[in-house]
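*Asks:* If you scroll down you'll find the structure; I have some questions about it.
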Amino acid sequence: MFEQILFESRFFERLTVPQGENRSLACGVLADKLQKAGISLKDLYRRESFDKAWKLLGDEKAQKIFYRTDASRGRFASALDEADPQEFFKDYWGPVTELFREDRDKARTADKASLGCLIHKQKRNPSW
């Protein structure tokens with residue numbers, strides 16, 4: 001679910017990754033690499049998780065997965081280099097990752113809320 005929400009957010013748009021296959025690949029690569037680094041959904045809101053994500057996006061090997069041409073990778077790398085990490089953390093990363101934070105007062109995480117919707121829908125329509 002994190003990948004889908006990140007895909008729809010302005011995070012990658014502001015880094016010159018338009019909606020489509022490249023953005024989908026970028027979201028998938030980032031989610032996979034963060035998971036392999038031991039960062040869980042509930043901890044994505046932390047600044048150190050963002051810093052790890054930002055560093056991963058700067059890795060040319062990762063960039064080659066979602067941008068195959070040198071020109072596209074160069075444009076992305078330039079946008080990443082010129083971007084203000086603090087702005088991205090506050091304005092784009094934070095609103096997405098707060099949805100998965102478990103210690104928000106009287107709030108349900110996005111993944112639990114969606115599971116609740118699926119269970120409710122299945123109860124209403126058991127053949128679904």
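FYI, nothing fancy with the structure tokens labels: chains A, B, ... in order, residues from 1 per chain, ligands from 1 as they appear.
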Within 9 Å of region 23-35 of chain A, counting only C-alpha atoms, which residues show up once you throw out same-chain ones fewer than 3 positions away? Write them as a list in words, please.
*Replies:* Phe2, Glu3, Gln4, Leu6, Phe7, Phe12, Glu13, Val17, Pro18, Gln19, Gly20, Gly38, Ile39, Ser40, Leu41, Leu44, Ser49, Lys52, Ala53, Leu56, Leu57, Ala62, Gln63, Ile65, Phe66 and Tyr67 of chain A
*Asks:* Okay, now the selection with C-alpha atoms, as a PDB file, in the first residue's frame?
*Replies:*
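Full text of selection-v5.pdb as output:
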```pdb
ATOM      1  CA  PHE A   2       2.911   2.375   0.702  1.00  0.00           C
ATOM      2  CA  GLU A   3       4.028   2.033  -2.917  1.00  0.00           C
ATOM      3  CA  GLN A   4       0.576   2.924  -4.221  1.00  0.00           C
ATOM      4  CA  LEU A   6       3.740   7.171  -2.821  1.00  0.00           C
ATOM      5  CA  PHE A   7       2.990   6.656  -6.528  1.00  0.00           C
ATOM      6  CA  PHE A  12       8.297  11.521  -7.505  1.00  0.00           C
ATOM      7  CA  GLU A  13       6.537  14.102  -9.667  1.00  0.00           C
ATOM      8  CA  VAL A  17       9.349  11.075 -12.590  1.00  0.00           C
ATOM      9  CA  PRO A  18       5.968  11.254 -14.358  1.00  0.00           C
ATOM     10  CA  GLN A  19       3.139   8.861 -13.571  1.00  0.00           C
ATOM     11  CA  GLY A  20       3.518   5.608 -15.429  1.00  0.00           C
ATOM     12  CA  GLY A  38      15.158  -3.286   7.883  1.00  0.00           C
ATOM     13  CA  ILE A  39      12.892  -0.234   7.814  1.00  0.00           C
ATOM     14  CA  SER A  40       9.299  -1.141   8.604  1.00  0.00           C
ATOM     15  CA  LEU A  41       6.164   0.690   7.480  1.00  0.00           C
ATOM     16  CA  LEU A  44       8.904   5.337   7.613  1.00  0.00           C
ATOM     17  CA  SER A  49      14.132   6.466   7.276  1.00  0.00           C
ATOM     18  CA  LYS A  52      17.997   6.295   3.917  1.00  0.00           C
ATOM     19  CA  ALA A  53      15.372   6.573   1.153  1.00  0.00           C
ATOM     20  CA  LEU A  56      18.921   4.995  -2.017  1.00  0.00           C
ATOM     21  CA  LEU A  57      17.417   7.240  -4.689  1.00  0.00           C
ATOM     22  CA  ALA A  62      18.787   1.830  -8.318  1.00  0.00           C
ATOM     23  CA  GLN A  63      18.240   4.613 -10.854  1.00  0.00           C
ATOM     24  CA  ILE A  65      16.152   0.058 -12.762  1.00  0.00           C
ATOM     25  CA  PHE A  66      13.553   2.777 -13.251  1.00  0.00           C
ATOM     26  CA  TYR A  67      15.388   4.902 -15.819  1.00  0.00           C
TER      27      TYR A  67
END
```
*Asks:* Name all residues at most 9 Å from Ser9 (chain A) (count only C-alpha atoms; drop same-chain ones fewer than 5 positions away) and give them as a PyMOL selection string.
*Replies:* chain A and resi 4+92-93+96
*Asks:* Give me, please, the distance in Å between CA of Lys42 (chain A) and CA of Arg101 (chain A), quoted to one decimal.
*Replies:* 4.7 Å
*Asks:* Kindly indicate which residue among A:Asn22, A:Pro95, A:Arg47, A:Leu80 lies nearest to Lys64 (chain A), using only C-alpha atoms for the distances.
*Replies:*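 Smallest distance to Lys64 (chain A) is found for A:Asn22.
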*Asks:* Using only C-alpha atoms, can you tell me which of A:Met1, A:Ala71, A:Ala79, A:Leu99 comes closest to Arg14 (chain A)?
*Replies:*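 Comparing A:Met1, A:Ala71, A:Ala79, A:Leu99 against Arg14 (chain A), the winner is A:Ala79.
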*Asks:* Nearest to Glu87 (chain A) among A:Gly58, A:Lys36, A:Thr16, A:Phe11, with distances taken over only C-alpha atoms: which residue is it?
*Replies:* A:Phe11
*Asks:* I need the residues of chain A that end up classed as helix (DSSP H, G or I) by DSSP on the backbone, written out as a PyMOL selection string.
*Replies:* chain A and resi 2-8+13-15+21-36+41-43+47-57+60-66+70-82+85-100+110-124
*Asks:* Would you compute the distance between CA of Phe88 (chain A) and CA of Thr69 (chain A)? Give it in Å to one decimal.
*Replies:*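 Between these atoms lies a distance of 25.0 Å.
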*Asks:* Could you please determine the separation between CA of Pro85 (chain A) and CA of Phe100 (chain A) in Å, to one decimal place?
*Replies:*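 Spanning CA of Pro85 (chain A) to CA of Phe100 (chain A) is a straight-line distance of 20.6 Å.
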